[in-house]
>>> print(open('start_0.txt').read())   # compact mmCIF, N, CA and C atoms
# COMPACT_ATOMS: atom_id res chain seq x y z
N MET J 7 127.30 89.17 118.67
CA MET J 7 126.95 90.15 119.67
C MET J 7 126.27 89.43 120.83
N SER J 8 126.65 89.78 122.04
CA SER J 8 126.06 89.20 123.23
C SER J 8 124.57 89.51 123.27
N THR J 9 123.79 88.55 123.71
CA THR J 9 122.35 88.73 123.80
C THR J 9 122.00 89.97 124.61
N LEU J 10 122.68 90.17 125.74
CA LEU J 10 122.34 91.31 126.59
C LEU J 10 122.79 92.64 126.02
N GLN J 11 123.65 92.64 125.02
CA GLN J 11 124.10 93.90 124.41
C GLN J 11 123.29 94.26 123.16
N ARG J 12 122.36 93.40 122.78
CA ARG J 12 121.55 93.69 121.60
C ARG J 12 120.73 94.96 121.81
N ARG J 13 120.56 95.70 120.74
CA ARG J 13 119.67 96.85 120.78
C ARG J 13 118.38 96.42 120.10
N ILE J 14 117.30 96.64 120.77
CA ILE J 14 115.99 96.26 120.26
C ILE J 14 115.34 97.52 119.71
N VAL J 15 114.91 97.46 118.46
CA VAL J 15 114.34 98.63 117.77
C VAL J 15 112.85 98.41 117.58
N ILE J 16 112.09 99.40 117.95
CA ILE J 16 110.64 99.34 117.74
C ILE J 16 110.37 99.49 116.25
N ASP J 17 109.58 98.58 115.71
CA ASP J 17 109.27 98.60 114.28
C ASP J 17 108.52 99.89 113.93
N GLU J 18 108.85 100.43 112.77
CA GLU J 18 108.23 101.68 112.34
C GLU J 18 106.73 101.55 112.09
N SER J 19 106.23 100.35 111.98
CA SER J 19 104.79 100.15 111.76
C SER J 19 103.99 100.10 113.07
N VAL J 20 104.66 100.38 114.19
CA VAL J 20 104.00 100.28 115.49
C VAL J 20 103.74 101.67 116.05
N THR J 21 102.54 101.86 116.51
CA THR J 21 102.18 103.06 117.24
C THR J 21 101.68 102.60 118.61
N TRP J 22 101.77 103.49 119.58
CA TRP J 22 101.37 103.08 120.92
C TRP J 22 100.83 104.26 121.71
N ALA J 23 100.10 103.93 122.78
CA ALA J 23 99.55 104.95 123.67
C ALA J 23 99.47 104.38 125.08
N ASN J 24 99.48 105.28 126.05
CA ASN J 24 99.27 104.87 127.44
C ASN J 24 97.79 104.84 127.75
N LEU J 25 97.38 103.85 128.51
CA LEU J 25 96.02 103.76 129.02
C LEU J 25 96.17 103.37 130.47
N ASP J 26 95.97 104.32 131.36
CA ASP J 26 96.26 104.15 132.79
C ASP J 26 97.76 103.83 132.92
N ASP J 27 98.12 102.71 133.51
CA ASP J 27 99.53 102.34 133.67
C ASP J 27 99.98 101.31 132.65
N GLU J 28 99.22 101.13 131.60
CA GLU J 28 99.53 100.13 130.60
C GLU J 28 99.75 100.76 129.23
N ALA J 29 100.55 100.08 128.41
CA ALA J 29 100.76 100.53 127.03
C ALA J 29 99.89 99.68 126.12
N ILE J 30 99.27 100.35 125.18
CA ILE J 30 98.51 99.68 124.14
C ILE J 30 99.29 99.88 122.84
N LEU J 31 99.66 98.78 122.21
CA LEU J 31 100.47 98.82 120.99
C LEU J 31 99.60 98.43 119.81
N LEU J 32 99.81 99.09 118.69
CA LEU J 32 99.09 98.75 117.47
C LEU J 32 100.09 98.55 116.35
N ASN J 33 100.06 97.37 115.77
CA ASN J 33 100.83 97.10 114.57
C ASN J 33 99.93 97.53 113.41
N VAL J 34 100.26 98.66 112.80
CA VAL J 34 99.37 99.19 111.75
C VAL J 34 99.37 98.33 110.49
N LYS J 35 100.40 97.50 110.30
CA LYS J 35 100.42 96.59 109.15
C LYS J 35 99.36 95.51 109.29
N THR J 36 99.20 95.00 110.51
CA THR J 36 98.25 93.91 110.73
C THR J 36 96.92 94.38 111.31
N GLY J 37 96.91 95.58 111.91
CA GLY J 37 95.70 96.08 112.55
C GLY J 37 95.42 95.44 113.89
N ILE J 38 96.39 94.74 114.44
CA ILE J 38 96.19 94.03 115.70
C ILE J 38 96.75 94.86 116.86
N TYR J 39 95.95 94.96 117.93
CA TYR J 39 96.34 95.65 119.15
C TYR J 39 96.93 94.65 120.14
N TYR J 40 97.87 95.14 120.95
CA TYR J 40 98.46 94.35 122.02
C TYR J 40 98.52 95.22 123.27
N GLY J 41 98.39 94.61 124.42
CA GLY J 41 98.48 95.33 125.68
C GLY J 41 99.65 94.85 126.51
N LEU J 42 100.31 95.77 127.18
CA LEU J 42 101.40 95.43 128.09
C LEU J 42 101.01 95.84 129.50
N ASP J 43 101.35 95.00 130.48
CA ASP J 43 101.10 95.36 131.87
C ASP J 43 102.09 96.43 132.30
N ASP J 44 102.07 96.80 133.58
CA ASP J 44 102.92 97.90 134.03
C ASP J 44 104.42 97.62 133.85
N VAL J 45 104.87 96.40 134.10
CA VAL J 45 106.28 96.07 133.92
C VAL J 45 106.63 96.05 132.42
N GLY J 46 105.76 95.46 131.62
CA GLY J 46 105.97 95.46 130.17
C GLY J 46 106.00 96.88 129.62
N THR J 47 105.17 97.74 130.16
CA THR J 47 105.16 99.14 129.74
C THR J 47 106.46 99.82 130.13
N ARG J 48 107.00 99.52 131.30
CA ARG J 48 108.28 100.10 131.71
C ARG J 48 109.39 99.67 130.74
N ILE J 49 109.37 98.39 130.38
CA ILE J 49 110.35 97.87 129.41
C ILE J 49 110.17 98.57 128.07
N TRP J 50 108.94 98.73 127.62
CA TRP J 50 108.65 99.40 126.35
C TRP J 50 109.24 100.81 126.34
N ARG J 51 109.05 101.53 127.44
CA ARG J 51 109.58 102.90 127.52
C ARG J 51 111.10 102.91 127.46
N LEU J 52 111.73 101.93 128.07
CA LEU J 52 113.20 101.83 128.00
C LEU J 52 113.64 101.50 126.57
N LEU J 53 112.86 100.66 125.89
CA LEU J 53 113.17 100.36 124.49
C LEU J 53 113.08 101.62 123.63
N ILE J 54 112.08 102.42 123.88
CA ILE J 54 111.91 103.67 123.13
C ILE J 54 113.12 104.58 123.32
N GLN J 55 113.70 104.54 124.52
CA GLN J 55 114.87 105.36 124.82
C GLN J 55 116.15 104.79 124.20
N GLY J 56 116.05 103.60 123.60
CA GLY J 56 117.21 103.00 122.94
C GLY J 56 118.08 102.15 123.85
N ALA J 57 117.57 101.75 125.00
CA ALA J 57 118.35 100.94 125.94
C ALA J 57 118.59 99.54 125.39
N THR J 58 119.78 99.00 125.69
CA THR J 58 120.09 97.61 125.35
C THR J 58 119.42 96.71 126.39
N GLU J 59 119.43 95.42 126.12
CA GLU J 59 118.87 94.48 127.11
C GLU J 59 119.62 94.56 128.43
N SER J 60 120.93 94.74 128.36
CA SER J 60 121.74 94.87 129.57
C SER J 60 121.35 96.11 130.36
N GLU J 61 121.16 97.21 129.68
CA GLU J 61 120.75 98.45 130.34
C GLU J 61 119.36 98.33 130.94
N ILE J 62 118.46 97.67 130.23
CA ILE J 62 117.11 97.45 130.75
C ILE J 62 117.18 96.59 132.01
N THR J 63 117.97 95.52 131.94
CA THR J 63 118.11 94.64 133.10
C THR J 63 118.63 95.41 134.30
N SER J 64 119.67 96.17 134.12
CA SER J 64 120.25 96.95 135.22
C SER J 64 119.24 97.92 135.81
N GLN J 65 118.50 98.60 134.96
CA GLN J 65 117.52 99.57 135.44
C GLN J 65 116.39 98.89 136.21
N LEU J 66 115.88 97.79 135.66
CA LEU J 66 114.76 97.10 136.33
C LEU J 66 115.18 96.49 137.65
N LEU J 67 116.43 96.06 137.76
CA LEU J 67 116.91 95.50 139.03
C LEU J 67 116.93 96.56 140.13
N THR J 68 117.05 97.83 139.75
CA THR J 68 117.00 98.90 140.76
C THR J 68 115.56 99.26 141.12
N GLU J 69 114.62 98.93 140.23
CA GLU J 69 113.23 99.34 140.43
C GLU J 69 112.33 98.24 141.01
N TYR J 70 112.71 96.99 140.82
CA TYR J 70 111.85 95.88 141.23
C TYR J 70 112.63 94.88 142.08
N ASP J 71 111.93 94.23 142.98
CA ASP J 71 112.52 93.18 143.80
C ASP J 71 112.37 91.85 143.06
N VAL J 72 113.38 91.52 142.27
CA VAL J 72 113.33 90.32 141.43
C VAL J 72 114.74 89.74 141.33
N GLU J 73 114.80 88.43 141.22
CA GLU J 73 116.09 87.76 141.04
C GLU J 73 116.63 88.08 139.65
N PRO J 74 117.92 88.39 139.53
CA PRO J 74 118.49 88.74 138.23
C PRO J 74 118.27 87.69 137.13
N ASP J 75 118.42 86.42 137.46
CA ASP J 75 118.23 85.38 136.44
C ASP J 75 116.78 85.34 135.95
N ARG J 76 115.85 85.50 136.86
CA ARG J 76 114.44 85.51 136.49
C ARG J 76 114.13 86.71 135.59
N LEU J 77 114.67 87.85 135.97
CA LEU J 77 114.46 89.06 135.17
C LEU J 77 115.01 88.87 133.76
N ARG J 78 116.20 88.34 133.64
CA ARG J 78 116.80 88.13 132.32
C ARG J 78 115.96 87.17 131.47
N ARG J 79 115.48 86.09 132.08
CA ARG J 79 114.63 85.13 131.36
C ARG J 79 113.34 85.78 130.89
N ASP J 80 112.69 86.50 131.81
CA ASP J 80 111.42 87.15 131.48
C ASP J 80 111.60 88.21 130.39
N LEU J 81 112.68 88.98 130.48
CA LEU J 81 112.96 89.99 129.47
C LEU J 81 113.21 89.34 128.11
N PHE J 82 114.02 88.29 128.09
CA PHE J 82 114.30 87.56 126.85
C PHE J 82 113.00 87.04 126.24
N GLN J 83 112.12 86.51 127.08
CA GLN J 83 110.85 85.98 126.59
C GLN J 83 109.97 87.10 126.03
N LEU J 84 109.89 88.24 126.73
CA LEU J 84 109.07 89.35 126.24
C LEU J 84 109.60 89.87 124.91
N ILE J 85 110.92 90.04 124.81
CA ILE J 85 111.51 90.52 123.56
C ILE J 85 111.18 89.53 122.42
N GLY J 86 111.25 88.25 122.71
CA GLY J 86 110.91 87.25 121.71
C GLY J 86 109.46 87.35 121.26
N GLN J 87 108.56 87.57 122.21
CA GLN J 87 107.15 87.71 121.87
C GLN J 87 106.89 88.97 121.05
N LEU J 88 107.50 90.07 121.45
CA LEU J 88 107.33 91.32 120.71
C LEU J 88 107.88 91.18 119.29
N SER J 89 109.01 90.51 119.16
CA SER J 89 109.61 90.29 117.85
C SER J 89 108.73 89.40 116.98
N ALA J 90 108.20 88.33 117.54
CA ALA J 90 107.36 87.39 116.80
C ALA J 90 106.09 88.07 116.28
N LYS J 91 105.62 89.10 116.99
CA LYS J 91 104.42 89.81 116.57
C LYS J 91 104.73 90.99 115.66
N GLY J 92 106.02 91.17 115.33
CA GLY J 92 106.41 92.24 114.42
C GLY J 92 106.43 93.62 115.06
N LEU J 93 106.49 93.66 116.39
CA LEU J 93 106.47 94.95 117.08
C LEU J 93 107.87 95.53 117.28
N VAL J 94 108.87 94.65 117.36
CA VAL J 94 110.25 95.08 117.49
C VAL J 94 111.12 94.22 116.59
N ARG J 95 112.34 94.70 116.37
CA ARG J 95 113.32 93.88 115.66
C ARG J 95 114.66 94.06 116.34
N ILE J 96 115.52 93.08 116.17
CA ILE J 96 116.86 93.12 116.75
C ILE J 96 117.76 93.88 115.79
N SER J 97 118.43 94.91 116.30
CA SER J 97 119.32 95.71 115.46
C SER J 97 120.67 95.03 115.36
N ASP J 98 121.25 95.06 114.17
CA ASP J 98 122.58 94.52 113.95
C ASP J 98 123.67 95.49 114.38
N GLU J 99 123.30 96.70 114.67
CA GLU J 99 124.28 97.73 115.04
C GLU J 99 124.56 97.71 116.51
>>> encode(input="start_0.txt", output="structure tokens")
Amino acid sequence: MSTLQRRIVIDESVTWANLDDEAILLNVKTGIYYGLDDVGTRIWRLLIQGATESEITSQLLTEYDVEPDRLRRDLFQLIGQLSAKGLVRISDE
């Protein structure tokens, strides 16, 4: 499966809330909190809606003034960090 077509699934052990323009994530298995800035929060909301990486990229390119390659790299890095912390997983479907 192409990297950009992957569906990223929020782990069932994660709960989250908005605090101003930021998302606060809690992995209830570990008890550790994580914070996302406004762009990370926008990505999180798109993940909740079930968007693929490609769909997230397309949407963010309409919302932000950013080079497509930079956006793809940053998104890939964020997904990797969220996955490493057990907050999301890559769906095989």
>>> closest_residue(input="start_0.txt", among="J:Thr63, J:Arg51, J:Lys91, J:Asp26", to="J:Arg78", atoms="only N, CA and C atoms")
J:Thr63
>>> residues_near_point(input="start_0.txt", point="(103.6, 97.3, 131.7)", cutoff="12 Å", atoms="only C-alpha atoms", output="PyMOL selection string")
chain J and resi 23-31+40-52+84
>>> closest_residue(input="start_0.txt", among="J:Leu93, J:Ile14, J:Ala57, J:Leu81", to="J:Val34", atoms="only C-alpha atoms")
J:Leu93
>>> closest_residue(input="start_0.txt", among="J:Gln65, J:Ile96, J:Ile16, J:Glu59", to="J:Phe82", atoms="only N, CA and C atoms")
J:Glu59
>>> residues_near_point(input="start_0.txt", point="(120.7, 96.8, 122.6)", cutoff="6.5 Å", atoms="all atoms listed in the file", output="list in words")
Leu10, Gln11, Arg12, Arg13, Ile14, Gly56, Ala57, Thr58, Glu59 and Ser60 of chain J
>>> atom_distance(input="start_0.txt", atom1="atom C of J:Gln55", atom2="atom CA of J:Leu32")
19.3 Å
>>> atom_distance(input="start_0.txt", atom1="atom CA of J:Asn33", atom2="atom C of J:Leu77")
25.2 Å
>>> atom_distance(input="start_0.txt", atom1="atom C of J:Tyr70", atom2="atom CA of J:Thr21")
28.2 Å
>>> select_by_dssp(input="start_0.txt", residues="chain J", states="strand (DSSP E)", output="number ranges by chain")
J: 13-16, 20-25, 28-33, 38-42, 94-97
>>> closest_residue(input="start_0.txt", among="J:Asp71, J:Ile54, J:Val15, J:Trp22", to="J:Val94", atoms="all atoms listed in the file")
J:Val15
